[in-house]
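Working notes for the structure below.
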Amino acid sequence: MSEIKDLRTIKTLHTIENSLMQLLFQKKFKNITIDEIAKMAVINRSTFYLHYHDKYDLLDNLVNKKIEKVIDTIQDKPHITNGNLDYQMFSNDLELSLKVIASEQHFYLFMLNDEEELGIRKKIEDALFDKLSESFPTQTVMERDLLLTIISTIYVSVITWWLNKNMVYSTQYMADQMVKFFKLGTVNIIDPS
């Protein structure tokens with residue numbers, strides 16, 4: 001019986017999340033109400049409040065899932081070993097990340113543009129910073145945290161540009177271009193010693 005209840009809960013949460021994403025096609029987040037989310041999800045308000053404190057709690061949970069979905073495409077294995085960047089692995093990871101983002105272009109656009117200053121873009125940059133710092137070499141020519149901040153910001157800015165341009169280039173082309181950029185730049189600031 002509890003397995004059926006868990007499946008119902010999962011389905012309800014999924015429906016609520018999808019309702020919010022659909023409403024974001026129509027209006028700004030600040031103008032979306034709990035009543036609208038509940039109506040679109042075909043649930044009552046009390047069901048919504050069983051799972052979330054408010055719409056910000058829902059958004060936070062949804063954003064965390066979407067960030068995790070992209071971060072999970074990045075291998076734990078370092079792209080840089082002995083001062084050398086593994087271009088193929090780097091390109092493959094980037095392309096996988098871009099495909100995940102492209103599959104839900106509208107929501108990732110909302111997250112990355114963060115027009116209502118909800119702190120989402122910063123949250124994405126911080127998550128990427130944390131993931132990169134796990135496998136990035138400890139010895140760099142410039143201050144490591146600054147370098148990781150620059151790299152995280154570049155990733156997020158380029159992906160935002162690409163989404164805002166309606167993904168004018170393929171995921172593979174974008175991955176190749178980003179690898180080319182880092183091939184020309186970061187290799188020269190890695191300290192191989």
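Following the order of the structure tokens, chains are lettered A, B, ..., residues in each are numbered from 1, and ligands are numbered from 1.
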
**Asked** Could you name the residues that touch A:Leu132 at 10 Å or less, counting only C-alpha atoms, but leaving out those on the same chain fewer than 3 positions away, as an NGL selection string?
**Response** :A and (71 or 74-76 or 78-79 or 126-129 or 135-137 or 148-149 or 151-152)

Next, the residues of the selection above should be written as a compact mmCIF listing (two decimals), in the first residue's frame with C-alpha atoms.
```
# COMPACT_ATOMS: atom_id res chain seq x y z
CA ILE A 71 25.60 18.77 -13.12
CA ILE A 74 29.72 16.17 -15.86
CA GLN A 75 32.02 13.26 -15.11
CA ASP A 76 33.73 13.09 -11.75
CA PRO A 78 39.08 15.30 -14.03
CA HIS A 79 39.26 16.75 -17.52
CA ASP A 126 27.75 28.16 -7.49
CA ALA A 127 26.71 24.57 -8.28
CA LEU A 128 28.99 24.53 -11.31
CA PHE A 129 31.83 26.04 -9.26
CA SER A 135 38.17 17.61 -10.00
CA PHE A 136 40.08 20.73 -11.02
CA PRO A 137 43.85 20.69 -10.41
CA LEU A 148 36.91 28.54 -11.12
CA THR A 149 34.62 31.55 -10.73
CA ILE A 151 35.14 29.43 -15.78
CA SER A 152 31.72 28.95 -14.15
```

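The list of residues with at least one atom within 7 Å of stretch 19-33 of chain A, based on only C-alpha atoms and without residues fewer than 6 positions apart in the same chain, reads A:Met40, A:Ala41, A:Phe107.
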
**Request:** Name all residues at most 12 Å from A:Lys123 (count only C-alpha atoms; drop same-chain ones fewer than 4 positions away) and give them as a PyMOL selection string.
**Result:** chain A and resi 60+63-64+66-68+111-112+114+117-119+127-130+152-153+156

Write the selection just made, keeping all heavy atoms, as a compact mmCIF listing (two decimals), in the first residue's frame?
```
# COMPACT_ATOMS: atom_id res chain seq x y z
N ASP A 60 12.20 26.52 -5.75
CA ASP A 60 13.52 26.12 -5.25
C ASP A 60 13.77 24.63 -5.48
O ASP A 60 14.84 24.24 -5.96
CB ASP A 60 13.64 26.48 -3.77
CG ASP A 60 15.07 26.38 -3.29
OD1 ASP A 60 15.97 26.94 -3.96
OD2 ASP A 60 15.29 25.76 -2.23
N VAL A 63 14.15 24.06 -9.32
CA VAL A 63 15.45 24.57 -9.79
C VAL A 63 16.57 23.63 -9.35
O VAL A 63 17.46 23.31 -10.15
CB VAL A 63 15.68 26.01 -9.27
CG1 VAL A 63 17.14 26.43 -9.39
CG2 VAL A 63 14.77 26.99 -10.01
N ASN A 64 16.54 23.17 -8.11
CA ASN A 64 17.57 22.24 -7.64
C ASN A 64 17.61 20.96 -8.48
O ASN A 64 18.70 20.48 -8.82
CB ASN A 64 17.35 21.88 -6.17
CG ASN A 64 17.68 23.02 -5.25
OD1 ASN A 64 18.41 23.94 -5.59
ND2 ASN A 64 17.12 23.00 -4.05
N LYS A 66 16.67 20.64 -11.63
CA LYS A 66 17.15 20.96 -12.97
C LYS A 66 18.66 21.21 -12.97
O LYS A 66 19.37 20.82 -13.90
CB LYS A 66 16.42 22.17 -13.56
CG LYS A 66 14.92 21.97 -13.71
CD LYS A 66 14.56 20.77 -14.55
CE LYS A 66 13.06 20.60 -14.67
NZ LYS A 66 12.67 19.38 -15.35
N ILE A 67 19.16 21.84 -11.92
CA ILE A 67 20.61 22.06 -11.81
C ILE A 67 21.30 20.71 -11.66
O ILE A 67 22.30 20.44 -12.33
CB ILE A 67 20.94 22.98 -10.62
CG1 ILE A 67 20.48 24.41 -10.90
CG2 ILE A 67 22.45 22.96 -10.32
CD1 ILE A 67 20.60 25.36 -9.71
N GLU A 68 20.77 19.87 -10.80
CA GLU A 68 21.37 18.55 -10.56
C GLU A 68 21.39 17.72 -11.84
O GLU A 68 22.35 17.01 -12.13
CB GLU A 68 20.58 17.82 -9.48
CG GLU A 68 21.21 16.51 -9.06
CD GLU A 68 20.45 15.85 -7.91
OE1 GLU A 68 19.98 16.58 -7.01
OE2 GLU A 68 20.34 14.62 -7.95
N MET A 111 15.55 30.15 -15.88
CA MET A 111 16.53 30.05 -14.80
C MET A 111 17.75 30.93 -15.06
O MET A 111 18.20 31.65 -14.17
CB MET A 111 16.99 28.59 -14.64
CG MET A 111 15.93 27.66 -14.04
SD MET A 111 16.39 25.91 -14.09
CE MET A 111 17.97 25.89 -13.25
N LEU A 112 18.28 30.86 -16.26
CA LEU A 112 19.53 31.56 -16.56
C LEU A 112 19.34 33.07 -16.72
O LEU A 112 20.22 33.85 -16.35
CB LEU A 112 20.18 30.97 -17.81
CG LEU A 112 20.74 29.56 -17.60
CD1 LEU A 112 21.05 28.89 -18.94
CD2 LEU A 112 21.98 29.60 -16.72
N ASP A 114 16.92 34.80 -15.21
CA ASP A 114 16.59 35.24 -13.84
C ASP A 114 16.16 36.71 -13.80
O ASP A 114 16.66 37.50 -13.02
CB ASP A 114 17.78 34.99 -12.91
CG ASP A 114 17.39 35.02 -11.43
OD1 ASP A 114 16.19 35.07 -11.11
OD2 ASP A 114 18.29 35.00 -10.58
N GLU A 117 15.24 38.41 -10.57
CA GLU A 117 16.31 38.44 -9.56
C GLU A 117 15.99 37.54 -8.36
O GLU A 117 16.03 37.97 -7.21
CB GLU A 117 16.59 39.88 -9.14
CG GLU A 117 17.09 40.72 -10.30
CD GLU A 117 17.41 42.15 -9.92
OE1 GLU A 117 17.60 42.43 -8.72
OE2 GLU A 117 17.50 42.99 -10.83
N LEU A 118 15.72 36.27 -8.68
CA LEU A 118 15.40 35.28 -7.66
C LEU A 118 16.65 34.56 -7.15
O LEU A 118 16.56 33.69 -6.31
CB LEU A 118 14.39 34.26 -8.22
CG LEU A 118 13.05 34.86 -8.65
CD1 LEU A 118 12.28 33.88 -9.55
CD2 LEU A 118 12.22 35.21 -7.42
N GLY A 119 17.81 34.91 -7.69
CA GLY A 119 19.06 34.29 -7.27
C GLY A 119 19.35 32.96 -7.94
O GLY A 119 20.26 32.24 -7.54
N ALA A 127 26.74 26.04 -8.13
CA ALA A 127 26.71 24.57 -8.28
C ALA A 127 27.79 24.12 -9.26
O ALA A 127 28.47 23.11 -9.02
CB ALA A 127 25.33 24.12 -8.75
N LEU A 128 27.96 24.87 -10.32
CA LEU A 128 28.99 24.53 -11.31
C LEU A 128 30.38 24.72 -10.70
O LEU A 128 31.27 23.87 -10.88
CB LEU A 128 28.82 25.40 -12.56
CG LEU A 128 29.75 25.10 -13.73
CD1 LEU A 128 29.67 23.63 -14.15
CD2 LEU A 128 29.41 26.00 -14.90
N PHE A 129 30.57 25.79 -9.96
CA PHE A 129 31.83 26.04 -9.26
C PHE A 129 32.17 24.85 -8.36
O PHE A 129 33.28 24.33 -8.38
CB PHE A 129 31.73 27.32 -8.44
CG PHE A 129 32.95 27.64 -7.63
CD1 PHE A 129 33.89 28.55 -8.09
CD2 PHE A 129 33.18 27.04 -6.39
CE1 PHE A 129 35.03 28.85 -7.35
CE2 PHE A 129 34.31 27.32 -5.64
CZ PHE A 129 35.24 28.23 -6.13
N ASP A 130 31.19 24.41 -7.56
CA ASP A 130 31.41 23.28 -6.64
C ASP A 130 31.78 22.01 -7.39
O ASP A 130 32.69 21.28 -6.98
CB ASP A 130 30.17 23.03 -5.78
CG ASP A 130 29.92 24.15 -4.78
OD1 ASP A 130 30.84 24.97 -4.52
OD2 ASP A 130 28.78 24.23 -4.26
N SER A 152 33.16 29.16 -14.40
CA SER A 152 31.72 28.95 -14.15
C SER A 152 30.89 30.05 -14.78
O SER A 152 29.85 29.79 -15.40
CB SER A 152 31.44 28.91 -12.64
OG SER A 152 32.15 27.88 -12.03
N THR A 153 31.35 31.28 -14.64
CA THR A 153 30.63 32.42 -15.19
C THR A 153 30.62 32.37 -16.72
O THR A 153 29.60 32.67 -17.35
CB THR A 153 31.26 33.74 -14.70
OG1 THR A 153 31.27 33.73 -13.27
CG2 THR A 153 30.49 34.95 -15.19
N VAL A 156 28.08 29.66 -17.92
CA VAL A 156 26.69 30.10 -17.74
C VAL A 156 26.36 31.21 -18.74
O VAL A 156 25.29 31.20 -19.35
CB VAL A 156 26.44 30.53 -16.28
CG1 VAL A 156 25.09 31.20 -16.13
CG2 VAL A 156 26.54 29.32 -15.35
```

**Message:** For the alpha helix (DSSP H) assignment from backbone DSSP, which residues of stretch 16-129 of chain A qualify? Please present them as a ChimeraX atom specification.
**Reply:** /A:16-26,34-41,45-51,55-71,87-103,105-113,120-129

**Message:** I need the strand (DSSP E or B) residues of chain A per DSSP on the backbone, written as a VMD selection string.
**Reply:** chain A and resid 80 to 81 84 to 85 140 190

**Asked** Do you know which residues are at most 8 Å from stretch 101-104 of chain A counting only C-alpha atoms, after dropping those on the same chain fewer than 6 positions away, and could you put them as a VMD selection string?
**Response** chain A and resid 70 163 167

Using only C-alpha atoms, please write the residues we just selected to a file, as a tab-separated table (two decimals), in the first residue's frame.
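Saved the output as part-v4.tsv:
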```tsv
chain	number	residue	atom	x	y	z
A	70	VAL	CA	22.85	19.17	-15.73
A	163	LEU	CA	19.45	29.81	-25.40
A	167	MET	CA	19.90	27.56	-29.91
```

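If only C-alpha atoms are the atoms counted, then among A:Asn18, A:Gln177, A:Thr171, A:Asn61 the closest residue to A:Val42 is A:Asn18.
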
**Request:** Identify which of the residues A:Gln105, A:Thr15, A:Gln172, A:Thr47 lies closest to A:Asn92, counting only C-alpha atoms when measuring atom-to-atom distances.
**Result:** A:Gln172

**Item:** Between atom CA of A:Glu36 and atom CA of A:Leu58, distance in Å (one decimal)
**Value:**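 Atom-to-atom, atom CA of A:Glu36 and atom CA of A:Leu58 are spaced 13.4 Å apart.
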
**Residue nearest A:Ile124 among A:Thr160, A:Asp35, A:Asn44, A:Lys11 (counting only C-alpha atoms)** =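 Using only C-alpha atoms, A:Ile124 sits closest to A:Thr160.
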